[in-house]
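The structure file entry20.txt is reproduced below (compact mmCIF, C-alpha atoms and all ligand atoms).
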```
# COMPACT_ATOMS: atom_id res chain seq x y z
CA MET A 1205 35.11 7.33 -23.49
CA ASP A 1206 31.38 7.44 -24.27
CA ALA A 1207 29.68 9.90 -21.90
CA ARG A 1208 27.02 7.30 -21.19
CA LEU A 1209 29.64 5.13 -19.51
CA ASN A 1210 30.12 7.63 -16.69
CA PHE A 1211 27.49 6.83 -14.12
CA PRO A 1212 27.51 8.44 -10.68
CA ASN A 1213 28.15 5.95 -7.91
CA GLN A 1214 24.72 5.56 -6.36
CA THR A 1215 25.33 3.02 -3.60
CA ALA A 1216 22.73 3.77 -0.95
CA GLY A 1217 25.14 2.56 1.74
CA ALA A 1218 23.89 5.08 4.32
CA ASP A 1219 20.79 2.97 4.87
CA ILE A 1220 22.75 -0.20 5.63
CA PRO A 1221 23.25 -0.91 9.36
CA PRO A 1222 26.98 -0.80 10.19
CA GLY A 1223 28.73 -4.14 10.65
CA ILE A 1224 25.96 -6.10 8.95
CA ASP A 1225 26.86 -9.43 7.29
CA LEU A 1226 25.32 -8.74 3.89
CA LEU A 1227 25.49 -12.33 2.65
CA ALA A 1228 23.89 -13.74 5.81
CA GLU A 1229 21.16 -11.08 5.67
CA ILE A 1230 20.46 -11.74 2.00
CA ASN A 1231 20.17 -15.45 2.77
CA ARG A 1232 17.79 -14.79 5.68
CA LEU A 1233 15.63 -12.38 3.67
CA ARG A 1234 15.37 -14.55 0.57
CA LYS A 1235 13.85 -17.35 2.72
CA GLU A 1236 11.62 -15.01 4.73
CA LYS A 1237 10.19 -13.41 1.56
CA ASN A 1238 10.13 -16.56 -0.58
CA ALA A 1239 12.31 -14.79 -3.12
CA VAL A 1240 14.29 -16.17 -6.03
CA ILE A 1241 17.45 -14.35 -7.13
CA LEU A 1242 18.05 -14.49 -10.90
CA ALA A 1243 21.32 -13.16 -12.28
CA HIS A 1244 22.79 -12.56 -15.71
CA TYR A 1245 26.36 -13.65 -16.53
CA TYR A 1246 27.42 -9.99 -16.70
CA GLN A 1247 26.78 -9.40 -12.99
CA GLU A 1248 29.72 -9.06 -10.65
CA PRO A 1249 31.07 -12.44 -9.41
CA GLN A 1250 29.69 -12.11 -5.86
CA ILE A 1251 26.17 -11.65 -7.20
CA GLN A 1252 26.54 -14.58 -9.61
CA ASP A 1253 27.72 -16.76 -6.72
CA LEU A 1254 24.76 -16.08 -4.48
CA ALA A 1255 22.08 -16.24 -7.21
CA ASP A 1256 19.66 -19.17 -7.36
CA PHE A 1257 20.11 -19.20 -11.10
CA VAL A 1258 22.56 -17.57 -13.54
CA GLY A 1259 21.73 -17.55 -17.24
CA ASP A 1260 21.37 -15.81 -20.58
CA SER A 1261 18.31 -13.76 -21.53
CA LEU A 1262 16.29 -16.74 -22.77
CA ASP A 1263 17.06 -18.93 -19.74
CA LEU A 1264 16.25 -16.09 -17.37
CA SER A 1265 12.92 -15.42 -19.15
CA ARG A 1266 12.00 -19.07 -18.81
CA LYS A 1267 12.96 -19.17 -15.14
CA ALA A 1268 10.96 -16.01 -14.46
CA ALA A 1269 7.90 -17.47 -16.20
CA ALA A 1270 8.13 -20.75 -14.28
CA THR A 1271 9.08 -19.74 -10.75
CA ASP A 1272 6.74 -20.31 -7.81
CA ALA A 1273 8.56 -17.73 -5.67
CA ASP A 1274 6.57 -14.68 -4.51
CA VAL A 1275 9.40 -12.26 -5.24
CA ILE A 1276 11.82 -12.19 -8.18
CA VAL A 1277 15.01 -10.26 -7.46
CA PHE A 1278 16.39 -9.60 -10.92
CA CYS A 1279 20.11 -8.98 -11.04
CA GLY A 1280 20.44 -7.84 -14.60
CA VAL A 1281 19.22 -4.82 -16.53
CA LYS A 1282 15.78 -3.26 -16.57
CA PHE A 1283 14.47 -4.80 -19.79
CA MET A 1284 15.24 -8.26 -18.34
CA ALA A 1285 13.36 -7.48 -15.11
CA GLU A 1286 10.46 -6.13 -17.20
CA VAL A 1287 10.31 -9.46 -19.06
CA ALA A 1288 10.01 -11.21 -15.68
CA LYS A 1289 7.11 -8.90 -14.71
CA ILE A 1290 5.40 -9.29 -18.10
CA LEU A 1291 5.54 -13.09 -17.87
CA SER A 1292 4.77 -13.28 -14.12
CA PRO A 1293 2.52 -10.26 -13.45
CA GLN A 1294 1.30 -11.56 -10.11
CA LYS A 1295 4.85 -11.61 -8.69
CA THR A 1296 6.74 -8.78 -7.09
CA VAL A 1297 9.76 -8.06 -9.31
CA VAL A 1298 12.58 -5.91 -7.95
CA LEU A 1299 15.76 -4.65 -9.61
CA PRO A 1300 18.64 -3.48 -7.38
CA ASP A 1301 19.07 -0.27 -9.42
CA LEU A 1302 16.31 1.06 -11.69
CA LYS A 1303 18.89 3.00 -13.71
CA ALA A 1304 20.38 -0.27 -14.98
CA GLY A 1305 19.28 0.30 -18.58
CA CYS A 1306 20.75 -0.81 -21.90
CA SER A 1307 22.11 1.17 -24.85
CA LEU A 1308 20.16 -1.04 -27.26
CA GLU A 1309 16.92 -0.17 -25.49
CA ASP A 1310 17.89 3.53 -25.55
CA SER A 1311 18.56 3.36 -29.28
CA CYS A 1312 14.97 2.36 -30.05
CA PRO A 1313 12.37 4.82 -28.67
CA PRO A 1314 8.82 3.39 -28.96
CA GLU A 1315 7.44 6.39 -30.90
CA ALA A 1316 10.16 6.17 -33.57
CA PHE A 1317 9.75 2.39 -33.76
CA ALA A 1318 5.97 2.73 -34.19
CA LYS A 1319 6.55 5.16 -37.12
CA PHE A 1320 9.10 2.79 -38.68
CA ARG A 1321 6.63 -0.09 -38.46
CA ALA A 1322 3.84 2.02 -39.92
CA ALA A 1323 6.08 2.90 -42.88
CA HIS A 1324 6.55 -0.83 -43.62
CA PRO A 1325 3.11 -2.40 -43.19
CA ASP A 1326 4.02 -5.56 -45.16
CA HIS A 1327 6.90 -6.40 -42.76
CA ILE A 1328 6.66 -8.29 -39.49
CA ALA A 1329 8.78 -7.06 -36.56
CA LEU A 1330 11.25 -9.58 -35.21
CA THR A 1331 12.66 -7.76 -32.21
CA TYR A 1332 15.65 -8.48 -30.01
CA ILE A 1333 14.72 -8.82 -26.34
CA ASN A 1334 17.05 -5.88 -25.49
CA CYS A 1335 14.28 -3.28 -25.85
CA SER A 1336 11.58 -1.63 -23.76
CA ALA A 1337 8.25 -3.24 -22.86
CA GLU A 1338 6.59 -0.67 -25.17
CA VAL A 1339 8.70 -1.79 -28.15
CA LYS A 1340 7.93 -5.43 -27.31
CA ALA A 1341 4.23 -4.51 -27.36
CA LEU A 1342 4.70 -3.07 -30.87
CA SER A 1343 6.52 -6.23 -32.09
CA ASP A 1344 5.34 -9.55 -33.49
CA ILE A 1345 7.99 -11.92 -32.19
CA ILE A 1346 10.77 -11.38 -29.64
CA VAL A 1347 14.09 -13.19 -30.04
CA THR A 1348 17.25 -13.58 -27.98
CA SER A 1349 20.70 -14.27 -29.32
CA SER A 1350 20.25 -17.95 -28.39
CA SER A 1351 16.95 -18.26 -30.25
CA ALA A 1352 17.02 -15.74 -33.13
CA GLU A 1353 18.28 -18.02 -35.89
CA HIS A 1354 16.03 -20.92 -34.89
CA ILE A 1355 12.98 -18.63 -34.83
CA LEU A 1356 13.97 -16.97 -38.12
CA SER A 1357 14.19 -20.39 -39.79
CA GLN A 1358 10.50 -20.99 -38.99
CA LEU A 1359 9.33 -17.90 -40.92
CA PRO A 1360 8.37 -18.30 -44.62
CA ALA A 1361 11.26 -17.40 -46.98
CA ASP A 1362 9.24 -14.61 -48.63
CA GLN A 1363 8.16 -13.02 -45.32
CA LYS A 1364 9.46 -9.43 -45.13
CA ILE A 1365 11.09 -8.70 -41.81
CA ILE A 1366 12.10 -5.68 -39.74
CA PHE A 1367 14.85 -6.56 -37.27
CA ALA A 1368 15.40 -4.17 -34.34
CA PRO A 1369 17.19 -2.77 -32.46
CA ASP A 1370 20.66 -4.38 -32.83
CA ARG A 1371 22.13 -3.81 -36.30
CA HIS A 1372 25.09 -6.09 -35.53
CA LEU A 1373 23.01 -9.11 -34.47
CA GLY A 1374 20.62 -8.38 -37.36
CA GLY A 1375 23.51 -8.08 -39.82
CA TYR A 1376 25.05 -11.29 -38.53
CA LEU A 1377 21.75 -13.18 -38.92
CA ALA A 1378 21.26 -11.76 -42.42
CA ARG A 1379 24.76 -12.85 -43.47
CA LYS A 1380 24.38 -16.29 -41.91
CA THR A 1381 20.90 -17.11 -43.23
CA GLY A 1382 20.97 -15.10 -46.47
CA ARG A 1383 17.73 -13.31 -45.44
CA ASP A 1384 17.30 -9.72 -46.42
CA MET A 1385 16.03 -7.91 -43.32
CA LEU A 1386 15.35 -4.24 -42.73
CA LEU A 1387 17.68 -3.35 -39.85
CA TRP A 1388 17.17 -0.79 -37.09
CA GLU A 1389 20.40 1.16 -36.48
CA GLY A 1390 20.93 0.37 -32.77
CA SER A 1391 24.02 -1.07 -31.12
CA CYS A 1392 25.51 -2.13 -27.80
CA ILE A 1393 28.10 0.34 -26.50
CA VAL A 1394 29.95 -2.50 -24.79
CA HIS A 1395 30.31 -4.92 -27.71
CA GLU A 1396 31.14 -2.11 -30.14
CA ASN A 1397 34.23 -1.41 -28.06
CA PHE A 1398 36.30 -4.48 -28.90
CA SER A 1399 39.42 -3.68 -30.84
CA GLU A 1400 40.15 -5.71 -33.97
CA GLN A 1401 43.80 -4.69 -33.79
CA GLU A 1402 44.11 -5.97 -30.21
CA LEU A 1403 42.27 -9.16 -31.13
CA ILE A 1404 44.69 -9.81 -34.00
CA LYS A 1405 47.62 -9.29 -31.60
CA LEU A 1406 46.06 -11.67 -29.07
CA LYS A 1407 45.49 -14.32 -31.75
CA ALA A 1408 49.13 -14.06 -32.78
CA GLU A 1409 50.21 -14.56 -29.14
CA HIS A 1410 47.83 -17.54 -28.72
CA PRO A 1411 47.64 -19.17 -32.17
CA ASP A 1412 45.84 -22.29 -30.88
CA ALA A 1413 43.21 -20.42 -28.89
CA PRO A 1414 39.75 -20.25 -30.49
CA VAL A 1415 37.76 -17.01 -30.34
CA ALA A 1416 34.21 -17.08 -28.91
CA ALA A 1417 32.18 -13.92 -29.55
CA HIS A 1418 28.72 -12.52 -28.83
CA PRO A 1419 26.71 -11.58 -31.95
CA GLU A 1420 26.28 -8.02 -30.62
CA CYS A 1421 29.92 -7.52 -31.75
CA PRO A 1422 30.45 -5.75 -35.11
CA ALA A 1423 31.24 -7.85 -38.19
CA HIS A 1424 34.98 -7.02 -38.11
CA ILE A 1425 35.19 -8.84 -34.73
CA LEU A 1426 32.81 -11.70 -35.64
CA ASP A 1427 34.89 -12.39 -38.76
CA HIS A 1428 37.68 -13.60 -36.42
CA ALA A 1429 35.40 -15.80 -34.31
CA ASP A 1430 35.41 -19.59 -34.25
CA TYR A 1431 32.13 -19.53 -32.38
CA VAL A 1432 29.36 -16.90 -32.24
CA GLY A 1433 26.57 -17.25 -29.70
CA SER A 1434 24.71 -16.06 -26.64
CA THR A 1435 26.38 -15.79 -23.26
CA ARG A 1436 25.30 -19.31 -22.35
CA GLY A 1437 26.33 -20.53 -25.79
CA ILE A 1438 29.80 -19.05 -25.31
CA LEU A 1439 30.07 -20.70 -21.89
CA GLU A 1440 29.04 -24.09 -23.27
CA TYR A 1441 31.37 -23.74 -26.24
CA ALA A 1442 34.27 -22.95 -23.93
CA MET A 1443 33.48 -25.98 -21.74
CA ALA A 1444 33.20 -28.36 -24.71
CA SER A 1445 36.29 -27.09 -26.56
CA ASP A 1446 39.50 -29.15 -26.47
CA ALA A 1447 41.52 -25.94 -26.35
CA ASP A 1448 43.05 -25.00 -23.01
CA THR A 1449 42.99 -21.27 -23.80
CA ILE A 1450 39.91 -19.43 -25.15
CA LEU A 1451 39.70 -15.80 -26.28
CA VAL A 1452 36.40 -14.30 -25.14
CA ALA A 1453 34.73 -11.37 -26.95
CA THR A 1454 31.87 -10.48 -24.66
CA GLU A 1455 31.44 -8.76 -21.28
CA PRO A 1456 34.29 -10.06 -19.10
CA ASN A 1457 32.20 -10.94 -16.02
CA ILE A 1458 31.19 -14.14 -17.85
CA ILE A 1459 34.77 -15.33 -17.36
CA HIS A 1460 33.98 -15.82 -13.67
CA GLN A 1461 31.48 -18.56 -14.58
CA MET A 1462 33.94 -20.10 -17.06
CA GLN A 1463 36.65 -20.27 -14.42
CA ARG A 1464 34.23 -21.86 -11.98
CA GLU A 1465 33.24 -24.56 -14.45
CA ALA A 1466 36.68 -25.17 -15.98
CA PRO A 1467 39.33 -24.07 -13.47
CA GLY A 1468 42.09 -25.76 -15.49
CA LYS A 1469 41.53 -23.64 -18.61
CA THR A 1470 42.66 -20.09 -19.38
CA PHE A 1471 40.12 -17.52 -20.55
CA ILE A 1472 41.36 -14.24 -21.94
CA GLY A 1473 39.00 -11.29 -22.45
CA VAL A 1474 39.50 -9.55 -25.80
CA PRO A 1475 40.59 -5.97 -25.03
CA GLY A 1476 38.83 -2.81 -26.03
CA ALA A 1477 40.25 0.02 -28.08
CA ASP A 1478 42.39 1.23 -25.16
CA GLY A 1479 44.13 -2.16 -24.95
CA GLN A 1480 42.37 -2.85 -21.62
CA CYS A 1481 39.29 -4.92 -20.82
CA ASN A 1482 37.70 -2.31 -18.56
CA CYS A 1483 35.85 -0.45 -21.29
CA ASN A 1484 34.08 -3.72 -22.09
CA MET A 1485 32.43 -3.97 -18.68
CA CYS A 1486 28.72 -3.16 -19.07
CA PRO A 1487 28.22 0.06 -17.07
CA PHE A 1488 24.50 -0.64 -16.72
CA MET A 1489 25.00 -4.13 -15.26
CA ALA A 1490 27.65 -2.69 -12.92
CA LEU A 1491 25.06 -0.45 -11.24
CA ASN A 1492 23.75 -3.49 -9.34
CA THR A 1493 25.86 -4.05 -6.23
CA LEU A 1494 25.61 -6.43 -3.28
CA GLU A 1495 24.49 -3.51 -1.09
CA LYS A 1496 21.68 -2.55 -3.46
CA LEU A 1497 20.68 -6.21 -3.78
CA TYR A 1498 20.35 -6.41 0.02
CA LEU A 1499 18.32 -3.17 0.14
CA CYS A 1500 15.91 -4.13 -2.63
CA LEU A 1501 15.29 -7.53 -1.03
CA ARG A 1502 14.76 -5.95 2.39
CA ASP A 1503 12.52 -3.08 1.24
CA LEU A 1504 11.03 -4.70 -1.90
CA THR A 1505 11.83 -1.59 -3.87
CA PRO A 1506 12.46 -0.45 -6.57
CA GLN A 1507 9.68 -2.57 -8.09
CA ILE A 1508 9.14 -3.09 -11.81
CA GLU A 1509 5.70 -2.05 -13.06
CA VAL A 1510 4.42 -2.39 -16.62
CA PRO A 1511 1.09 -0.78 -17.65
CA GLU A 1512 -1.44 -3.58 -18.21
CA ASP A 1513 -2.26 -2.68 -21.84
CA VAL A 1514 1.46 -2.72 -22.71
CA ARG A 1515 2.04 -5.89 -20.68
CA VAL A 1516 -0.71 -7.87 -22.43
CA LYS A 1517 0.64 -7.01 -25.91
CA ALA A 1518 4.28 -7.54 -24.92
CA ALA A 1519 3.34 -10.91 -23.38
CA GLN A 1520 2.04 -12.04 -26.78
CA SER A 1521 5.30 -11.34 -28.62
CA LEU A 1522 7.28 -12.89 -25.76
CA GLN A 1523 5.04 -15.97 -25.70
CA ARG A 1524 5.72 -16.46 -29.43
CA MET A 1525 9.42 -16.43 -28.56
CA LEU A 1526 8.94 -19.04 -25.83
CA ASP A 1527 6.88 -21.22 -28.17
CA MET A 1528 9.30 -20.96 -31.11
CA ALA A 1529 12.65 -20.98 -29.27
CA PRO A 1530 14.77 -24.14 -29.15
CA LYS A 1531 13.62 -26.42 -26.36
CA ALA A 1532 17.03 -27.71 -25.29
CA PRO A 1533 19.74 -25.36 -23.98
CA GLY A 1534 22.36 -24.64 -26.63
CA GLN A 1535 20.25 -26.09 -29.47
CA GLY A 1536 19.53 -22.76 -31.11
CA ASP A 1537 22.77 -20.90 -30.64
CA VAL A 1538 23.82 -19.12 -33.73
CA GLY A 1539 27.21 -20.86 -34.13
CA LYS A 1540 29.62 -19.98 -36.91
CA ILE A 1541 28.89 -18.61 -40.37
CA PRO A 1542 29.72 -21.54 -42.70
CA GLY A 1543 32.61 -21.04 -45.13
P1 LIG B 1601 22.42 -12.98 -23.82
O1 LIG B 1601 21.00 -13.31 -24.17
O2 LIG B 1601 23.40 -13.66 -24.71
O3 LIG B 1601 22.67 -13.28 -22.37
O4 LIG B 1601 22.68 -11.44 -24.10
C1 LIG B 1601 22.17 -10.41 -23.31
C2 LIG B 1601 22.93 -9.18 -23.46
O5 LIG B 1601 22.50 -8.11 -23.06
C3 LIG B 1601 24.22 -9.23 -24.11
O6 LIG B 1601 24.79 -7.97 -24.13
FE1 LIG B 1602 22.78 -3.69 -23.10
FE2 LIG B 1602 25.21 -4.03 -24.11
FE3 LIG B 1602 24.89 -3.98 -21.46
FE4 LIG B 1602 24.01 -6.09 -22.90
S1 LIG B 1602 26.13 -5.43 -22.61
S2 LIG B 1602 22.90 -5.02 -21.28
S3 LIG B 1602 23.36 -5.06 -24.77
S4 LIG B 1602 24.52 -2.28 -22.90
```
Would you write the structure of this file as structure tokens?
Amino acid sequence: MDARLNFPNQTAGADIPPGIDLLAEINRLRKEKNAVILAHYYQEPQIQDLADFVGDSLDLSRKAAATDADVIVFCGVKFMAEVAKILSPQKTVVLPDLKAGCSLEDSCPPEAFAKFRAAHPDHIALTYINCSAEVKALSDIIVTSSSAEHILSQLPADQKIIFAPDRHLGGYLARKTGRDMLLWEGSCIVHENFSEQELIKLKAEHPDAPVAAHPECPAHILDHADYVGSTRGILEYAMASDADTILVATEPNIIHQMQREAPGKTFIGVPGADGQCNCNMCPFMALNTLEKLYLCLRDLTPQIEVPEDVRVKAAQSLQRMLDMAPKAPGQGDVGKIPG
């Protein structure tokens, strides 16, 4: 297993009064502090259930930009909470565990990205939202998996483009649109883990079940997919499909939301290389627990801070995303490569 998947268990349980009803306390505190709880689909089910809103990266960015709450409790990973702070600088933004990072962010250090950009001055940087605030500040337009293709289609055909940091999403977009983009060599340690062999076995066992996959998966997995899209896109596809069984190639916590919305259907997570689903749980997302959510709401720490010069530049590339992204949910999802 990748060494980065082994995180120490950091639950700060010692600071939690014994016998406390965590859910009741979270509900009391969220009212007292005028806080909104935003959660990504990869959070554990209990956190999804108590959140005010659960969504994909684009939806969560929009919610964070529009909220009138004083405090945003971001149950996701750090780059997502940073987006909330960049778009709503006057709000207090807290993340249950500051170590909730992302392998895509790690794969794209700002200094190396700045050099790469400088070496290609005639290219614009179209950058996936899974990156640091510093990399966003060095980019022209930010995209999410639910908006990338729609945004790409608005750029002139002869515009040279750098796409960072996800080589799988970038490769998928290049294959689907025929655009030749210069790809950064980053990847998601979770989506790289799906096993093609296991997927083929699963398809043979469930020949009528369509496969829905996230575009962070490598091409050998996406080639088997009937639908490719963001987390929300996958959810909506699963709801709209006539099939009663769906094979899901993304982080398995999303299945909780699918089961809530379509309890009569069967959702099967595509296994990883070990034949299990466990290696496809995002270890960064898993750092946020109910206990840490309670503590960060109570103590308003750890807070997300972004230096103002970085924030102002990152806000510009994010604003371009918000202006160019599809207006209606689901409208811009990448879908299936034709043919
Ligand atoms: P979505 O924008 O599809 O929610 O993706 C975020 C992410 O980190 C997937 O790994
Ligand atoms: Fe990052 Fe992958 Fe986790 Fe998404 S699933 S937050 S891309 S490590």
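The closest residue to ligand LIG 1601 (chain B), picked from A:Gly1374, A:Pro1475, A:Pro1506, A:Gly1433 and counting only C-alpha atoms and all ligand atoms, is A:Gly1433.
Within the 8 Å cut-off around A:Leu1373, using only C-alpha atoms and omitting residues fewer than 5 positions from it on the same chain, the listed residues are Ser1349, Pro1419, Glu1420 and Cys1421 of chain A.
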Non-local contacts of A:Leu1342 (12 Å; all atoms listed in the file; under 4 positions in same chain excluded) as a PyMOL selection string: chain A and resi 1312-1322+1328-1331+1335-1338+1346+1366+1368+1513-1522
Within 9 Å of ligand LIG 1602 (chain B), counting all atoms listed in the file, residues as a PyMOL selection string: chain A and resi 1246+1280-1284+1304-1309+1334-1335+1370+1391-1396+1420+1454-1455+1484-1489
Exercise: A:Asp1448 partners within 12 Å, all atoms listed in the file, chain neighbours under 6 positions left out, as a count of residues only: 15
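With distances restricted to all atoms listed in the file, A:Gly1259 is the closest residue to ligand LIG 1601 (chain B) from A:Gly1259, A:Pro1325, A:Gly1382, A:Pro1456.
Using only C-alpha atoms, the shortest contact distance between A:Phe1398 and any of A:Ile1230, A:Glu1495, A:Ser1292, A:Ile1425 is found at A:Ile1425.
Take atom CA of A:Glu1389 and atom O1 of ligand LIG 1601 (chain B): the distance between them is 19.0 Å.
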Contacts of A:Gly1473 within 8 Å, all atoms listed in the file, excl. fewer than 4 positions in-chain, as a list in words: Leu1451, Val1452, Ala1453, Thr1454, Pro1456, Ile1459 and Cys1481 of chain A
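Of the residues under consideration (A:Leu1262, A:Val1432, A:Ala1288, A:Leu1499), A:Leu1262 shows the shortest atom-to-atom contact distance to ligand LIG 1601 (chain B) when counting all atoms listed in the file.
Proximity to ligand LIG 1601 (chain B) was assessed for A:Asn1238, A:Asn1231, A:Ser1350, A:Gln1294 counting only C-alpha atoms and all ligand atoms; the smallest distance is recorded for A:Ser1350.
Straight-line separation from atom CA of A:Ala1239 to atom CA of A:Asp1272: 9.1 Å.
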10 Å contact set for A:Gln1363, all atoms listed in the file, chain neighbours under 2 positions out, as a count of residues only: 10
Given 3 Å of margin on each side, can you work out the centre and size in Å (one decimal) of an axis-aligned box holding every listed atom of ligand LIG 1601 (chain B), as JSON?
```
{"center_x": 22.9, "center_y": -10.8, "center_z": -23.5, "size_x": 9.8, "size_y": 11.7, "size_z": 8.3}
```
